[in-house]
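To keep things clear, I will list the structure first and then write my remarks on it.
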Amino acid sequence: MTAPTTRLQVFNLPDLGEGLTDAEIVRWLVGVGDTVAVDQPVAEVETAKAVVEVPTPYAGRVATLHAGNGQVVEVGTPLITVEPLTDPAAETYREEERAGSGNVLIGYGTPEGPTRGRRRRPRIPAAQAPTPTAPPSPAQATAPKPAASGSAAGRTTVHRVVSPLVRRLARDSGLQLADITPTGPDGLITRGDVLRAAAAAVDTPTTLSAPATPAAPSAGTGERRTPLNGFRKAVAASLSRSRREVPEATVWVDVDATALWELRESQRTPTDPGPGLLAYLARFVVAGLRRYPVLNARLDTERDEIVEYDHIHLGLAVQGQRGLVVPAVLNAHTLTTDELDVAIRDVTGRAREGRSTAEELAAGTFTLNNYGGFGVDGSAAIINHPQVAILGFGRMIDRPWVVDGEIVPRKITQMSFVFDHRICDGGTAAGFMRTVADAIETPSSLLRRI
């Protein structure tokens, strides 16, 4: 009898929502010859909104990767081709995976329970690595690795990995599968293999090479050209539109933040650092927007209407790995100062790593910009369209200040406010600025009212 022909399964790049039509491959999480399970992330892709993981709806062995790192793939075109598994043990695991698989959601995959979330990538200390109960035999330890696959420029040793949990553990530990010695049946990488390799990596110093850059010098011109990625193109389009359409005005004021500084220091304990300064500033901004809701709005130019929001999604300008992004703390008006502190650290931390969600990047209704973190005093910022205003703070430093007729050192910061002159006049802008500035100079007066 003739053996049945293996049916290859082609997974096309799915619709990523938000009207997006393409995505750039940031990096592949699998290689040709790897074994994948249903809902296992196979690639990180970058859109104009965020970097997300794309899970595969098919289980099997990776046959083809249809694009390389840095290449743009159109929605609906092939992303990866998977060959169904024939190995009985792997087929059994595939059935278990299928039993738990639901709808494939970009960046999430199959739910694992209400506490599931994105994990950071810690190194696993050697002390935490379990002692293997069945160490590899000398024959296993010295056995040659399987033949390499791929091009000569990027040759990768193929090892069998059935469990996506093992693959994720390796990825979170910063390990390449080709560098892990398998001890499972037929060269299968097990969880213990990953833990041992992670412990060895902690004990062995490594030299990190500089990441490759897409910029390439043009021969004989002295130029270097770097293509705009999805993030940068989106930022450029938004800022250009803001400059074209918005008649913006800027006002600024120097603020004595000594009382706020002292309040923050008074909340510190040996076991609890308390809220950071940015959390207090966010609290004061929310209070100002509640008093002047026209600044928490957008302008509907087609209907000539100012659209005010009931909610405050506070955008935070963050310099991430892929450029400037403005993720938002959702429903900031419902959070206490302590809760704002936790949310701000979470949102900005993930943004710096390129892990903001599409919702966070698109939801902002007002932007707070802490450019003082870059060591500058002032900035005439560009409004983040379609918002109508942006508030910025410079560095907080000791300066001579007149208090009760005497010159004394105080903690001074410059606050600048850029607003769309179509939706309000200078009086409203000044009122909002003074609300925030007065709260900074006398925080106890505002905190008693909120």
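We label chains A, B, ... in the order they appear in the structure tokens, count residues from 1 in each chain, and number ligands from 1 in the order shown.
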
All helix (DSSP H, G or I) residues (DSSP, backbone) inside range 215-286 of chain A, as a VMD selection string: chain A and resid 230 to 245 258 to 266 277 to 286

Expected file: the selected residues, C-alpha atoms, as a PDB file, in the first residue's frame:
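So again-v3.pdb came out as:
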```pdb
ATOM      1  CA  GLY A 230       5.621  50.037  12.630  1.00  0.00           C
ATOM      2  CA  PHE A 231       5.867  52.023  15.871  1.00  0.00           C
ATOM      3  CA  ARG A 232       7.931  54.820  14.376  1.00  0.00           C
ATOM      4  CA  LYS A 233       5.646  55.155  11.356  1.00  0.00           C
ATOM      5  CA  ALA A 234       2.599  55.377  13.602  1.00  0.00           C
ATOM      6  CA  VAL A 235       4.259  57.975  15.850  1.00  0.00           C
ATOM      7  CA  ALA A 236       5.381  60.009  12.836  1.00  0.00           C
ATOM      8  CA  ALA A 237       1.891  59.980  11.359  1.00  0.00           C
ATOM      9  CA  SER A 238       0.252  61.015  14.639  1.00  0.00           C
ATOM     10  CA  LEU A 239       2.701  63.838  15.367  1.00  0.00           C
ATOM     11  CA  SER A 240       2.559  65.132  11.795  1.00  0.00           C
ATOM     12  CA  ARG A 241      -1.229  65.197  11.905  1.00  0.00           C
ATOM     13  CA  SER A 242      -1.131  67.002  15.243  1.00  0.00           C
ATOM     14  CA  ARG A 243       1.182  69.686  13.833  1.00  0.00           C
ATOM     15  CA  ARG A 244      -0.971  70.099  10.699  1.00  0.00           C
ATOM     16  CA  GLU A 245      -4.366  70.275  12.373  1.00  0.00           C
ATOM     17  CA  THR A 258       9.402  71.016  48.314  1.00  0.00           C
ATOM     18  CA  ALA A 259       6.216  70.116  50.215  1.00  0.00           C
ATOM     19  CA  LEU A 260       5.465  67.303  47.791  1.00  0.00           C
ATOM     20  CA  TRP A 261       9.025  66.027  48.092  1.00  0.00           C
ATOM     21  CA  GLU A 262       8.730  66.031  51.886  1.00  0.00           C
ATOM     22  CA  LEU A 263       5.357  64.268  51.696  1.00  0.00           C
ATOM     23  CA  ARG A 264       6.814  61.543  49.545  1.00  0.00           C
ATOM     24  CA  GLU A 265       9.778  61.106  51.904  1.00  0.00           C
ATOM     25  CA  SER A 266       7.463  60.954  54.932  1.00  0.00           C
ATOM     26  CA  LEU A 277       6.503  61.301  42.797  1.00  0.00           C
ATOM     27  CA  LEU A 278       4.894  60.439  39.453  1.00  0.00           C
ATOM     28  CA  ALA A 279       1.973  58.775  41.242  1.00  0.00           C
ATOM     29  CA  TYR A 280       1.283  61.975  43.192  1.00  0.00           C
ATOM     30  CA  LEU A 281       1.561  64.051  40.012  1.00  0.00           C
ATOM     31  CA  ALA A 282      -0.879  61.703  38.295  1.00  0.00           C
ATOM     32  CA  ARG A 283      -3.292  62.062  41.211  1.00  0.00           C
ATOM     33  CA  PHE A 284      -3.148  65.874  40.932  1.00  0.00           C
ATOM     34  CA  VAL A 285      -3.605  65.744  37.146  1.00  0.00           C
ATOM     35  CA  VAL A 286      -6.698  63.565  37.526  1.00  0.00           C
TER      36      VAL A 286
END
```

DSSP-assigned strand (DSSP E) among range 195-412 of chain A, expressed as number ranges by chain: A: 216-218, 223-225, 248-256, 297-300, 305-308, 314-316, 318-320, 323-325, 328-329, 366-369, 389-393, 397-403, 406-412

Using only C-alpha atoms: which of A:Val73, A:Leu85, A:Ala257, A:Val32 has the shortest distance to Arg399 in chain A: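 Among the listed residues, the smallest separation from Arg399 in chain A belongs to A:Ala257.
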
Counting only C-alpha atoms, the option among A:Asp22, A:Asp34, A:Glu248, A:Glu353 closest to Thr47 in chain A: A:Asp22
